[in-house]
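Peer 1: Contents of structure-v1.pdb (PDB, C-alpha atoms):
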```pdb
ATOM      1  CA  MET Z   1     -21.049   9.066 -24.907
ATOM      2  CA  ASN Z   2     -19.935  11.697 -22.382
ATOM      3  CA  LYS Z   3     -16.484  13.271 -22.073
ATOM      4  CA  GLU Z   4     -15.229  10.814 -19.442
ATOM      5  CA  GLU Z   5     -16.373   7.797 -21.455
ATOM      6  CA  LYS Z   6     -14.629   9.161 -24.553
ATOM      7  CA  LYS Z   7     -11.420   9.587 -22.541
ATOM      8  CA  GLN Z   8     -11.606   5.978 -21.323
ATOM      9  CA  GLU Z   9     -12.253   4.726 -24.870
ATOM     10  CA  LEU Z  10      -9.195   6.630 -26.090
ATOM     11  CA  ALA Z  11      -7.101   5.293 -23.187
ATOM     12  CA  ALA Z  12      -8.168   1.732 -24.023
ATOM     13  CA  ARG Z  13      -7.270   2.270 -27.676
ATOM     14  CA  ALA Z  14      -3.840   3.605 -26.672
ATOM     15  CA  ALA Z  15      -3.317   0.605 -24.355
ATOM     16  CA  TRP Z  16      -4.045  -1.848 -27.165
ATOM     17  CA  MET Z  17      -1.562  -0.072 -29.407
ATOM     18  CA  TYR Z  18       1.150   0.080 -26.733
ATOM     19  CA  TYR Z  19       0.865  -3.282 -24.948
ATOM     20  CA  VAL Z  20      -0.438  -5.517 -27.730
ATOM     21  CA  ALA Z  21       0.703  -3.990 -31.026
ATOM     22  CA  GLY Z  22       4.015  -2.852 -29.546
ATOM     23  CA  LEU Z  23       3.805   0.712 -30.877
ATOM     24  CA  THR Z  24       5.892   3.446 -29.294
ATOM     25  CA  GLN Z  25       4.201   6.389 -27.612
ATOM     26  CA  GLN Z  26       5.307   8.590 -30.516
ATOM     27  CA  GLU Z  27       3.694   6.208 -33.015
ATOM     28  CA  ILE Z  28       0.501   6.140 -30.945
ATOM     29  CA  ALA Z  29       0.456   9.927 -30.898
ATOM     30  CA  GLN Z  30       0.810  10.090 -34.685
ATOM     31  CA  SER Z  31      -1.893   7.465 -35.218
ATOM     32  CA  LEU Z  32      -4.394   9.199 -32.939
ATOM     33  CA  GLY Z  33      -3.456  12.735 -33.958
ATOM     34  CA  LEU Z  34      -2.294  13.670 -30.464
ATOM     35  CA  SER Z  35       0.861  15.015 -28.868
ATOM     36  CA  ARG Z  36       3.341  12.512 -27.413
ATOM     37  CA  GLN Z  37       2.612  13.840 -23.903
ATOM     38  CA  VAL Z  38      -1.120  13.165 -24.280
ATOM     39  CA  ALA Z  39      -0.431   9.667 -25.639
ATOM     40  CA  GLN Z  40       1.818   8.988 -22.658
ATOM     41  CA  ARG Z  41      -0.922  10.113 -20.242
ATOM     42  CA  LEU Z  42      -3.479   7.894 -21.975
ATOM     43  CA  VAL Z  43      -1.264   4.820 -21.578
ATOM     44  CA  SER Z  44      -0.725   5.688 -17.901
ATOM     45  CA  THR Z  45      -4.460   6.219 -17.388
ATOM     46  CA  ALA Z  46      -5.232   2.799 -18.869
ATOM     47  CA  ARG Z  47      -2.802   1.183 -16.430
ATOM     48  CA  GLU Z  48      -4.042   3.129 -13.407
ATOM     49  CA  GLN Z  49      -7.706   2.376 -14.106
ATOM     50  CA  GLY Z  50      -7.060  -1.362 -14.299
ATOM     51  CA  MET Z  51      -7.622  -1.689 -18.052
ATOM     52  CA  VAL Z  52      -4.241  -3.391 -18.329
ATOM     53  CA  SER Z  53      -3.500  -6.600 -16.426
ATOM     54  CA  VAL Z  54       0.095  -7.839 -16.512
ATOM     55  CA  LYS Z  55       0.843 -11.499 -15.763
ATOM     56  CA  ILE Z  56       4.254 -13.077 -16.312
ATOM     57  CA  ALA Z  57       3.843 -16.836 -16.216
ATOM     58  CA  HIS Z  58       7.525 -17.813 -15.944
ATOM     59  CA  PRO Z  59       9.041 -17.133 -12.502
ATOM     60  CA  VAL Z  60      12.628 -15.943 -12.020
ATOM     61  CA  THR Z  61      14.368 -18.879 -10.345
ATOM     62  CA  HIS Z  62      16.784 -16.680  -8.379
ATOM     63  CA  CYS Z  63      13.906 -14.618  -6.992
ATOM     64  CA  LEU Z  64      12.074 -17.777  -5.922
ATOM     65  CA  ALA Z  65      15.186 -18.912  -4.051
ATOM     66  CA  LEU Z  66      15.494 -15.511  -2.378
ATOM     67  CA  ALA Z  67      11.847 -15.660  -1.274
ATOM     68  CA  GLN Z  68      12.352 -19.097   0.250
ATOM     69  CA  ALA Z  69      15.482 -17.944   2.068
ATOM     70  CA  LEU Z  70      13.736 -14.828   3.426
ATOM     71  CA  SER Z  71      10.814 -16.945   4.630
ATOM     72  CA  ALA Z  72      13.162 -19.260   6.496
ATOM     73  CA  LYS Z  73      15.205 -16.429   8.029
ATOM     74  CA  PHE Z  74      12.348 -14.190   9.151
ATOM     75  CA  GLY Z  75       9.529 -16.684   9.706
ATOM     76  CA  LEU Z  76       7.404 -15.474   6.812
ATOM     77  CA  THR Z  77       4.398 -17.490   5.688
ATOM     78  CA  LEU Z  78       4.238 -15.652   2.359
ATOM     79  CA  CYS Z  79       7.079 -14.016   0.451
ATOM     80  CA  ARG Z  80       7.399 -12.742  -3.118
ATOM     81  CA  VAL Z  81      10.471 -11.142  -4.665
ATOM     82  CA  VAL Z  82      10.401  -9.212  -7.932
ATOM     83  CA  PRO Z  83      13.534  -8.862 -10.099
ATOM     84  CA  SER Z  84      15.054  -5.412  -9.698
ATOM     85  CA  GLY Z  85      18.704  -5.400 -10.761
ATOM     86  CA  GLN Z  86      19.871  -1.781 -10.848
ATOM     87  CA  LEU Z  87      16.400  -0.243 -11.325
ATOM     88  CA  ASP Z  88      15.523   2.976  -9.513
ATOM     89  CA  ASP Z  89      12.861   3.136  -6.795
ATOM     90  CA  ASP Z  90      10.098   4.282  -9.160
ATOM     91  CA  ALA Z  91      10.653   1.329 -11.486
ATOM     92  CA  VAL Z  92      10.788  -1.044  -8.506
ATOM     93  CA  GLN Z  93       7.445   0.305  -7.299
ATOM     94  CA  GLN Z  94       5.857  -0.450 -10.672
ATOM     95  CA  MET Z  95       7.072  -4.044 -10.437
ATOM     96  CA  LEU Z  96       5.852  -4.327  -6.847
ATOM     97  CA  ALA Z  97       2.462  -3.078  -8.015
ATOM     98  CA  VAL Z  98       2.110  -5.933 -10.496
ATOM     99  CA  GLU Z  99       3.277  -8.622  -8.058
ATOM    100  CA  GLY Z 100       1.310  -7.107  -5.184
ATOM    101  CA  ALA Z 101      -1.857  -7.150  -7.276
ATOM    102  CA  GLU Z 102      -1.241 -10.827  -8.048
ATOM    103  CA  VAL Z 103      -0.919 -11.594  -4.316
ATOM    104  CA  MET Z 104      -4.063  -9.647  -3.423
ATOM    105  CA  SER Z 105      -5.997 -11.277  -6.261
ATOM    106  CA  GLN Z 106      -5.416 -14.707  -4.727
ATOM    107  CA  PHE Z 107      -7.283 -13.590  -1.604
ATOM    108  CA  ILE Z 108      -9.948 -11.659  -3.504
ATOM    109  CA  SER Z 109     -10.741 -14.690  -5.660
ATOM    110  CA  GLU Z 110     -12.031 -16.555  -2.586
ATOM    111  CA  ASP Z 111     -15.790 -17.169  -2.685
ATOM    112  CA  THR Z 112     -16.025 -17.197   1.118
ATOM    113  CA  PRO Z 113     -16.609 -13.644   2.421
ATOM    114  CA  GLN Z 114     -13.339 -11.991   3.435
ATOM    115  CA  THR Z 115     -12.551  -8.836   5.393
ATOM    116  CA  PHE Z 116      -9.416  -7.040   4.215
ATOM    117  CA  GLY Z 117      -7.649  -4.614   6.525
ATOM    118  CA  ILE Z 118      -5.952  -1.943   4.414
ATOM    119  CA  GLY Z 119      -3.298   0.649   5.218
ATOM    120  CA  SER Z 120      -2.374   3.621   3.057
ATOM    121  CA  GLY Z 121       0.474   5.004   0.955
ATOM    122  CA  LYS Z 122       1.806   5.209  -2.578
ATOM    123  CA  THR Z 123       2.856   1.566  -2.895
ATOM    124  CA  LEU Z 124      -0.512   0.198  -1.811
ATOM    125  CA  ARG Z 125      -2.291   2.674  -4.077
ATOM    126  CA  ALA Z 126      -0.173   1.524  -7.037
ATOM    127  CA  ILE Z 127      -1.060  -2.100  -6.234
ATOM    128  CA  ILE Z 128      -4.782  -1.320  -6.074
ATOM    129  CA  ASP Z 129      -4.505   0.534  -9.388
ATOM    130  CA  ALA Z 130      -3.014  -2.632 -10.911
ATOM    131  CA  LEU Z 131      -5.830  -4.840  -9.565
ATOM    132  CA  PRO Z 132      -8.350  -5.966 -12.177
ATOM    133  CA  TRP Z 133     -12.002  -5.080 -11.655
ATOM    134  CA  THR Z 134     -13.884  -8.057 -10.281
ATOM    135  CA  GLU Z 135     -17.298  -8.850  -8.816
ATOM    136  CA  ARG Z 136     -16.842  -9.819  -5.187
ATOM    137  CA  PRO Z 137     -19.528  -7.892  -3.285
ATOM    138  CA  GLN Z 138     -19.317 -10.393  -0.416
ATOM    139  CA  HIS Z 139     -15.882  -9.043   0.567
ATOM    140  CA  HIS Z 140     -15.367  -6.005   2.800
ATOM    141  CA  CYS Z 141     -12.498  -3.503   3.036
ATOM    142  CA  VAL Z 142     -11.780  -1.789   6.313
ATOM    143  CA  SER Z 143      -9.315   1.022   6.904
ATOM    144  CA  MET Z 144      -6.582   0.461   9.487
ATOM    145  CA  ILE Z 145      -5.699   4.132   9.800
ATOM    146  CA  GLY Z 146      -7.402   7.487  10.245
ATOM    147  CA  ALA Z 147      -6.976   9.550   7.117
ATOM    148  CA  ILE Z 148      -7.515  13.109   8.346
ATOM    149  CA  ALA Z 149      -4.388  15.291   8.407
ATOM    150  CA  ARG Z 150      -3.632  18.084  10.861
ATOM    151  CA  ASP Z 151      -5.073  20.674   8.467
ATOM    152  CA  ASP Z 152      -8.362  18.678   8.296
ATOM    153  CA  SER Z 153      -7.651  17.537   4.734
ATOM    154  CA  GLY Z 154      -7.956  13.918   3.628
ATOM    155  CA  THR Z 155      -5.090  11.812   2.351
ATOM    156  CA  ARG Z 156      -4.626  11.486  -1.402
ATOM    157  CA  TYR Z 157      -4.076   7.762  -0.958
ATOM    158  CA  ASP Z 158      -7.497   6.523   0.165
ATOM    159  CA  VAL Z 159      -6.598   2.936  -0.658
ATOM    160  CA  PRO Z 160      -9.417   0.977   1.068
ATOM    161  CA  LEU Z 161     -12.106   2.911  -0.808
ATOM    162  CA  LYS Z 162     -10.421   2.278  -4.163
ATOM    163  CA  MET Z 163     -10.039  -1.438  -3.397
ATOM    164  CA  ALA Z 164     -13.680  -1.743  -2.357
ATOM    165  CA  GLU Z 165     -14.726  -0.080  -5.619
ATOM    166  CA  LYS Z 166     -12.692  -2.583  -7.624
ATOM    167  CA  MET Z 167     -14.358  -5.515  -5.834
ATOM    168  CA  GLN Z 168     -17.794  -3.850  -5.679
ATOM    169  CA  GLY Z 169     -17.786  -4.557  -1.953
ATOM    170  CA  LYS Z 170     -18.371  -2.472   1.190
ATOM    171  CA  TYR Z 171     -15.848  -0.032   2.654
ATOM    172  CA  PHE Z 172     -15.529   0.842   6.346
ATOM    173  CA  PHE Z 173     -13.348   3.772   7.394
ATOM    174  CA  ILE Z 174     -12.029   5.000  10.734
ATOM    175  CA  PRO Z 175     -13.808   8.285  11.528
ATOM    176  CA  ALA Z 176     -10.814   9.975  13.143
ATOM    177  CA  PRO Z 177      -7.560  11.761  12.340
ATOM    178  CA  LEU Z 178      -4.421   9.626  12.442
ATOM    179  CA  TYR Z 179      -3.176  11.789  15.323
ATOM    180  CA  ALA Z 180      -5.638  13.590  17.590
ATOM    181  CA  ASP Z 181      -4.997  17.128  18.837
ATOM    182  CA  SER Z 182      -4.568  16.000  22.446
ATOM    183  CA  PRO Z 183      -4.848  12.864  24.587
ATOM    184  CA  ASP Z 184      -8.353  13.945  25.646
ATOM    185  CA  ASP Z 185      -9.284  14.499  22.010
ATOM    186  CA  ARG Z 186      -7.994  11.010  21.164
ATOM    187  CA  GLU Z 187     -10.130   9.555  23.937
ATOM    188  CA  MET Z 188     -13.168  11.307  22.491
ATOM    189  CA  TRP Z 189     -12.563   9.929  18.985
ATOM    190  CA  CYS Z 190     -11.829   6.414  20.218
ATOM    191  CA  ARG Z 191     -14.902   6.230  22.458
ATOM    192  CA  HIS Z 192     -17.234   6.782  19.528
ATOM    193  CA  GLN Z 193     -19.314   3.706  18.746
ATOM    194  CA  VAL Z 194     -18.592   3.877  15.015
ATOM    195  CA  TYR Z 195     -14.857   4.020  15.705
ATOM    196  CA  GLN Z 196     -15.058   1.012  18.006
ATOM    197  CA  ARG Z 197     -17.123  -1.057  15.552
ATOM    198  CA  VAL Z 198     -14.806  -0.293  12.627
ATOM    199  CA  THR Z 199     -11.619  -1.009  14.576
ATOM    200  CA  GLN Z 200     -13.118  -4.295  15.793
ATOM    201  CA  ARG Z 201     -13.734  -5.248  12.170
ATOM    202  CA  ALA Z 202     -10.120  -4.390  11.406
ATOM    203  CA  LEU Z 203      -8.830  -6.452  14.325
ATOM    204  CA  ASN Z 204     -10.812  -9.440  13.023
ATOM    205  CA  ALA Z 205      -9.741  -9.000   9.382
ATOM    206  CA  SER Z 206      -8.986 -12.161   7.420
ATOM    207  CA  VAL Z 207      -5.797 -10.600   6.057
ATOM    208  CA  ILE Z 208      -4.161  -7.177   6.393
ATOM    209  CA  PHE Z 209      -2.302  -5.392   3.602
ATOM    210  CA  LEU Z 210       0.105  -2.665   4.750
ATOM    211  CA  GLY Z 211       2.830  -0.459   3.394
ATOM    212  CA  ILE Z 212       6.087  -0.083   5.305
ATOM    213  CA  GLY Z 213       7.107   3.544   5.724
ATOM    214  CA  GLU Z 214      10.509   5.128   6.133
ATOM    215  CA  VAL Z 215      11.215   7.836   8.718
ATOM    216  CA  SER Z 216      12.996  10.834   7.210
ATOM    217  CA  PRO Z 217      12.275  14.431   6.227
ATOM    218  CA  GLY Z 218       9.753  14.355   3.394
ATOM    219  CA  CYS Z 219       8.580  10.805   4.183
ATOM    220  CA  PRO Z 220       4.870  10.204   3.477
ATOM    221  CA  LEU Z 221       3.677  10.931   7.028
ATOM    222  CA  ASN Z 222       5.645  14.177   6.962
ATOM    223  CA  ALA Z 223       4.760  15.175   3.398
ATOM    224  CA  GLU Z 224       1.053  14.511   3.959
ATOM    225  CA  GLY Z 225       0.973  16.695   7.060
ATOM    226  CA  PHE Z 226       0.495  14.011   9.703
ATOM    227  CA  ILE Z 227       3.769  14.696  11.547
ATOM    228  CA  THR Z 228       5.892  17.843  11.664
ATOM    229  CA  ASP Z 229       9.545  18.311  10.671
ATOM    230  CA  GLN Z 230      10.443  18.565  14.370
ATOM    231  CA  GLN Z 231       8.667  15.305  15.164
ATOM    232  CA  VAL Z 232      10.564  13.572  12.344
ATOM    233  CA  SER Z 233      13.817  14.880  13.833
ATOM    234  CA  ASP Z 234      12.831  13.710  17.330
ATOM    235  CA  LEU Z 235      11.927  10.236  16.045
ATOM    236  CA  GLN Z 236      15.232   9.943  14.199
ATOM    237  CA  SER Z 237      17.111  10.932  17.348
ATOM    238  CA  LYS Z 238      15.382   8.005  19.100
ATOM    239  CA  GLY Z 239      16.606   5.649  16.352
ATOM    240  CA  ALA Z 240      13.365   5.261  14.402
ATOM    241  CA  ALA Z 241      13.971   3.281  11.208
ATOM    242  CA  GLY Z 242      10.431   2.563  10.000
ATOM    243  CA  GLU Z 243       6.738   2.738  10.744
ATOM    244  CA  MET Z 244       3.469   0.984  10.061
ATOM    245  CA  LEU Z 245       0.149   2.717  10.745
ATOM    246  CA  GLY Z 246       1.968   5.313  12.836
ATOM    247  CA  HIS Z 247       3.715   2.693  15.012
ATOM    248  CA  PHE Z 248       7.457   3.457  14.954
ATOM    249  CA  PHE Z 249      10.263   0.939  15.459
ATOM    250  CA  ASN Z 250      14.070   0.936  15.435
ATOM    251  CA  GLN Z 251      16.537  -1.090  13.342
ATOM    252  CA  GLN Z 252      16.060  -4.125  15.588
ATOM    253  CA  GLY Z 253      12.295  -3.912  15.136
ATOM    254  CA  GLU Z 254      11.744  -2.731  18.705
ATOM    255  CA  ARG Z 255       8.882  -0.318  19.320
ATOM    256  CA  ILE Z 256       9.835   3.328  19.785
ATOM    257  CA  TYR Z 257       7.533   5.547  21.816
ATOM    258  CA  SER Z 258       7.140   9.316  21.611
ATOM    259  CA  GLU Z 259       4.624  12.059  22.301
ATOM    260  CA  LEU Z 260       2.722  10.845  19.225
ATOM    261  CA  ASP Z 261       1.609   7.616  20.889
ATOM    262  CA  ALA Z 262      -0.775   9.435  23.226
ATOM    263  CA  LEU Z 263      -2.462  10.848  20.108
ATOM    264  CA  LEU Z 264      -2.466   7.815  17.784
ATOM    265  CA  THR Z 265      -5.881   6.487  16.724
ATOM    266  CA  SER Z 266      -4.954   3.793  14.185
ATOM    267  CA  VAL Z 267      -5.650   0.092  14.749
ATOM    268  CA  PRO Z 268      -3.106  -1.385  17.206
ATOM    269  CA  LEU Z 269      -0.199  -3.470  15.922
ATOM    270  CA  GLU Z 270       2.353  -5.503  17.801
ATOM    271  CA  ALA Z 271       5.701  -7.129  17.126
ATOM    272  CA  ASN Z 272       5.937 -10.907  16.713
ATOM    273  CA  THR Z 273       2.475 -10.764  15.204
ATOM    274  CA  THR Z 274       0.307 -13.836  14.873
ATOM    275  CA  ARG Z 275      -2.120 -11.990  12.590
ATOM    276  CA  ASN Z 276      -2.032 -12.414   8.832
ATOM    277  CA  ILE Z 277      -0.225  -9.171   7.916
ATOM    278  CA  ILE Z 278       1.423  -8.754   4.515
ATOM    279  CA  GLY Z 279       3.801  -5.829   3.977
ATOM    280  CA  PHE Z 280       4.541  -4.349   0.553
ATOM    281  CA  ALA Z 281       7.718  -2.299   0.130
ATOM    282  CA  GLY Z 282      10.961  -2.145  -1.825
ATOM    283  CA  GLY Z 283      13.718   0.104  -3.070
ATOM    284  CA  GLU Z 284      16.813   1.655  -1.550
ATOM    285  CA  ARG Z 285      14.905   4.395   0.261
ATOM    286  CA  LYS Z 286      12.857   1.907   2.274
ATOM    287  CA  PHE Z 287      15.526  -0.678   3.063
ATOM    288  CA  ALA Z 288      16.044   0.335   6.717
ATOM    289  CA  ALA Z 289      12.283   0.295   7.321
ATOM    290  CA  ILE Z 290      11.831  -3.113   5.675
ATOM    291  CA  ARG Z 291      14.736  -4.572   7.647
ATOM    292  CA  ALA Z 292      13.199  -3.277  10.887
ATOM    293  CA  ALA Z 293       9.722  -4.600  10.020
ATOM    294  CA  VAL Z 294      10.928  -8.141   9.357
ATOM    295  CA  ALA Z 295      13.418  -8.104  12.250
ATOM    296  CA  GLY Z 296      10.621  -7.235  14.679
ATOM    297  CA  ARG Z 297       8.235  -9.603  12.886
ATOM    298  CA  TRP Z 298       5.655  -6.874  12.450
ATOM    299  CA  VAL Z 299       4.668  -8.719   9.264
ATOM    300  CA  ASN Z 300       4.461 -12.415   8.424
ATOM    301  CA  GLY Z 301       4.203 -11.802   4.694
ATOM    302  CA  LEU Z 302       6.412  -9.656   2.469
ATOM    303  CA  VAL Z 303       6.445  -8.550  -1.152
ATOM    304  CA  THR Z 304       9.734  -6.853  -1.986
ATOM    305  CA  ASP Z 305      12.471  -6.589  -4.627
ATOM    306  CA  GLU Z 306      15.586  -8.566  -5.460
ATOM    307  CA  ALA Z 307      18.169  -6.016  -4.287
ATOM    308  CA  THR Z 308      16.387  -5.612  -0.946
ATOM    309  CA  ALA Z 309      16.141  -9.374  -0.502
ATOM    310  CA  ASN Z 310      19.860  -9.824  -1.136
ATOM    311  CA  ARG Z 311      20.730  -7.145   1.425
ATOM    312  CA  LEU Z 312      18.375  -8.630   4.028
ATOM    313  CA  LEU Z 313      19.971 -12.047   3.609
ATOM    314  CA  SER Z 314      23.501 -10.642   3.855
ATOM    315  CA  LEU Z 315      22.882  -9.110   7.298
TER
END
```
Just give me the structure as structure tokens.
Peer 2:
Amino acid sequence: MNKEEKKQELAARAAWMYYVAGLTQQEIAQSLGLSRQVAQRLVSTAREQGMVSVKIAHPVTHCLALAQALSAKFGLTLCRVVPSGQLDDDAVQQMLAVEGAEVMSQFISEDTPQTFGIGSGKTLRAIIDALPWTERPQHHCVSMIGAIARDDSGTRYDVPLKMAEKMQGKYFFIPAPLYADSPDDREMWCRHQVYQRVTQRALNASVIFLGIGEVSPGCPLNAEGFITDQQVSDLQSKGAAGEMLGHFFNQQGERIYSELDALLTSVPLEANTTRNIIGFAGGERKFAAIRAAVAGRWVNGLVTDEATANRLLSL
């Protein structure tokens, strides 16, 4: 047994102690002869690697009612609401990960070959981490967004690849940066035959899973080096409230255009979509973006939290 296998064995042992036996992390540390910090990391590793699958069989009636009301108000064909109460954004994301994985699993369980269009971001990555490993090699994952930053580095949230690994299926990625260096450079990337074949796959995807991003200093696009501080400021001055795949929109869900649009290489999106697009987002920080996404009907499916749902319905 190599070092990595030993680490996974230890993580699985810690998961059994924590989730099944109900031991605290301190008790696990004492039992395994480790520090509390190492025990905590082992439990987290077990969760992230899909060793732990959480399923709560009894729904929260209030959340079901909220989901039905959101569907009626915003024309959603799928809506799930997780209980959030006064939880902070990090705790909400953990709950979204569990519910999001349940939603994705319903599509993955199909025997008929499916093509899943996948965005990027922390929320989607957390959902993929929560997905159980399954054998569905007939399914394909295709990226909806170029993952090369301005400094030529790759994003840390390569979600489609991770999802394909969990299903043991194929992964197709867009061979381009999210934003090209110039309009001519964008034209060069987008003319490439591989780019055109992959984007066509994405446009024909059975279902698309996307995160909904906020627009503010330090937001994911800014933190990952895709857009500059000045570009964030310019977008905010135009009223940008949210984005999906680099497409920016205001509070009413109307598309906002900037210098970035002449450089954007991601798969096209449009408001009032008729495509099967499910958005995953929640928490106070993302409320304005979620409100804009559903107002413009950029998504027809939504997985969000209770507090966000209540605010959306009170508008």
Peer 1: Pull the neighbourhood of (-3.4, -7.3, -4.5) for me: all residues within 7 Å in file coordinates, counting all atoms listed in the file, as a list of chain:residue names.
Peer 2: Z:Gly100, Z:Ala101, Z:Glu102, Z:Val103, Z:Met104, Z:Ser105, Z:Ile127, Z:Ile128, Z:Leu131
Peer 1: Compile the contact shell of segment 195-212 of chain Z as a count of residues only: residues with an atom at most 10 Å away, counting all atoms listed in the file, same-chain residues fewer than 6 positions apart removed.
Peer 2: 58
Peer 1: Show which residues sit within 8 Å of Pro132 of chain Z, as a PyMOL selection string. Count all atoms listed in the file, and ignore same-chain residues fewer than 3 positions away.
Peer 2: chain Z and resi 50-53+166
Peer 1: Output the selection as a CSV table (one decimal), in the coordinates of the input - C-alpha atoms for each residue.
Peer 2:
```csv
chain,number,residue,atom,x,y,z
Z,50,GLY,CA,-7.1,-1.4,-14.3
Z,51,MET,CA,-7.6,-1.7,-18.1
Z,52,VAL,CA,-4.2,-3.4,-18.3
Z,53,SER,CA,-3.5,-6.6,-16.4
Z,166,LYS,CA,-12.7,-2.6,-7.6
```
Peer 1: Which of these residues is nearest to Leu313 of chain Z, using all atoms listed in the file: Z:Glu27, Z:Leu70, Z:Leu235, Z:Glu5?
Peer 2: Z:Leu70
Peer 1: Which residues, named as in the file, does the PyMOL selection byres ((chain Z and resi 182) around 12) pick out? Answer as a list of chain:residue names.
Peer 2: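 Taken on the displayed file, the PyMOL selection byres ((chain Z and resi 182) around 12) yields the residues Z:Arg150, Z:Pro177, Z:Leu178, Z:Tyr179, Z:Ala180, Z:Asp181, Z:Pro183, Z:Asp184, Z:Asp185, Z:Arg186, Z:Glu187, Z:Met188, Z:Trp189, Z:Glu259, Z:Leu260, Z:Asp261, Z:Ala262, Z:Leu263, Z:Leu264, Z:Thr265.
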Peer 1: With C-alpha atoms retained, could you export that selection as a PDB file, keeping the file's coordinate frame?
Peer 2:
```pdb
ATOM      1  CA  ARG Z 150      -3.632  18.084  10.861  1.00  0.00           C
ATOM      2  CA  PRO Z 177      -7.560  11.761  12.340  1.00  0.00           C
ATOM      3  CA  LEU Z 178      -4.421   9.626  12.442  1.00  0.00           C
ATOM      4  CA  TYR Z 179      -3.176  11.789  15.323  1.00  0.00           C
ATOM      5  CA  ALA Z 180      -5.638  13.590  17.590  1.00  0.00           C
ATOM      6  CA  ASP Z 181      -4.997  17.128  18.837  1.00  0.00           C
ATOM      7  CA  PRO Z 183      -4.848  12.864  24.587  1.00  0.00           C
ATOM      8  CA  ASP Z 184      -8.353  13.945  25.646  1.00  0.00           C
ATOM      9  CA  ASP Z 185      -9.284  14.499  22.010  1.00  0.00           C
ATOM     10  CA  ARG Z 186      -7.994  11.010  21.164  1.00  0.00           C
ATOM     11  CA  GLU Z 187     -10.130   9.555  23.937  1.00  0.00           C
ATOM     12  CA  MET Z 188     -13.168  11.307  22.491  1.00  0.00           C
ATOM     13  CA  TRP Z 189     -12.563   9.929  18.985  1.00  0.00           C
ATOM     14  CA  GLU Z 259       4.624  12.059  22.301  1.00  0.00           C
ATOM     15  CA  LEU Z 260       2.722  10.845  19.225  1.00  0.00           C
ATOM     16  CA  ASP Z 261       1.609   7.616  20.889  1.00  0.00           C
ATOM     17  CA  ALA Z 262      -0.775   9.435  23.226  1.00  0.00           C
ATOM     18  CA  LEU Z 263      -2.462  10.848  20.108  1.00  0.00           C
ATOM     19  CA  LEU Z 264      -2.466   7.815  17.784  1.00  0.00           C
ATOM     20  CA  THR Z 265      -5.881   6.487  16.724  1.00  0.00           C
TER      21      THR Z 265
END
```
Peer 1: Figure out the distance between atom CA of Asp305 of chain Z and atom CA of Val81 of chain Z, please, to one decimal in Å.
Peer 2: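 About the pair atom CA of Val81 of chain Z and atom CA of Asp305 of chain Z: they are 5.0 Å apart.
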Peer 1: Of the candidates Z:Asn310, Z:Thr112, Z:Gln25, Z:Thr134, which shows the shortest atom-to-atom distance to Gly85 of chain Z, using only C-alpha atoms?
Peer 2: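 Comparing Z:Asn310, Z:Thr112, Z:Gln25, Z:Thr134 against Gly85 of chain Z, the winner is Z:Asn310.
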Peer 1: Just to confirm, what's the straight-line distance from atom CA of Ala240 of chain Z to atom CA of Ser71 of chain Z in Å (one decimal)?
Peer 2: 24.4 Å
Peer 1: Got a sec: who's within 8 Å of Ala241 of chain Z, counting all atoms listed in the file, leaving out chain neighbours fewer than 2 positions off, as an mmCIF file with C-alpha atoms, in the coordinates of the input?
Peer 2:
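Output saved as out.cif:
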```cif
data_model
loop_
_atom_site.group_PDB
_atom_site.id
_atom_site.type_symbol
_atom_site.label_atom_id
_atom_site.label_comp_id
_atom_site.auth_asym_id
_atom_site.auth_seq_id
_atom_site.Cartn_x
_atom_site.Cartn_y
_atom_site.Cartn_z
ATOM 1 C CA GLU Z 214 10.509 5.128 6.133
ATOM 2 C CA VAL Z 215 11.215 7.836 8.718
ATOM 3 C CA GLN Z 236 15.232 9.943 14.199
ATOM 4 C CA GLY Z 239 16.606 5.649 16.352
ATOM 5 C CA GLU Z 243 6.738 2.738 10.744
ATOM 6 C CA PHE Z 248 7.457 3.457 14.954
ATOM 7 C CA PHE Z 249 10.263 0.939 15.459
ATOM 8 C CA ASN Z 250 14.070 0.936 15.435
ATOM 9 C CA GLN Z 251 16.537 -1.090 13.342
ATOM 10 C CA ALA Z 288 16.044 0.335 6.717
ATOM 11 C CA ALA Z 289 12.283 0.295 7.321
ATOM 12 C CA ALA Z 292 13.199 -3.277 10.887
#
```
Peer 1: May I ask for the distance between atom CA of Leu96 of chain Z and atom CA of Met163 of chain Z, given in Å to one decimal place?
Peer 2: 16.5 Å
Peer 1: Pick from Z:Leu23, Z:Leu32, Z:Thr45, Z:Asp152: nearest to Lys7 of chain Z, with only C-alpha atoms counted?
Peer 2: Z:Thr45
Peer 1: Counting only C-alpha atoms, which residue out of Z:Thr308, Z:Thr61, Z:Ser314, Z:Gln252 sits closest to Gln86 of chain Z?
Peer 2: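 Using only C-alpha atoms, the shortest distance to Gln86 of chain Z belongs to Z:Thr308.
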Peer 1: Which neighbours of Gly218 of chain Z fall inside 12 Å, counting all atoms listed in the file, when residues of the same chain fewer than 3 positions from it are skipped, and could you give them as an NGL selection string?
Peer 2: :Z and (213-215 or 221-233 or 285)
Peer 1: Could you save the residues just selected, with C-alpha atoms, as a tab-separated table (two decimals), in the coordinates of the input?
Peer 2:
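Wrote again_4.tsv, looks like this:
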```tsv
chain	number	residue	atom	x	y	z
Z	213	GLY	CA	7.11	3.54	5.72
Z	214	GLU	CA	10.51	5.13	6.13
Z	215	VAL	CA	11.22	7.84	8.72
Z	221	LEU	CA	3.68	10.93	7.03
Z	222	ASN	CA	5.64	14.18	6.96
Z	223	ALA	CA	4.76	15.18	3.40
Z	224	GLU	CA	1.05	14.51	3.96
Z	225	GLY	CA	0.97	16.70	7.06
Z	226	PHE	CA	0.50	14.01	9.70
Z	227	ILE	CA	3.77	14.70	11.55
Z	228	THR	CA	5.89	17.84	11.66
Z	229	ASP	CA	9.54	18.31	10.67
Z	230	GLN	CA	10.44	18.57	14.37
Z	231	GLN	CA	8.67	15.30	15.16
Z	232	VAL	CA	10.56	13.57	12.34
Z	233	SER	CA	13.82	14.88	13.83
Z	285	ARG	CA	14.90	4.39	0.26
```
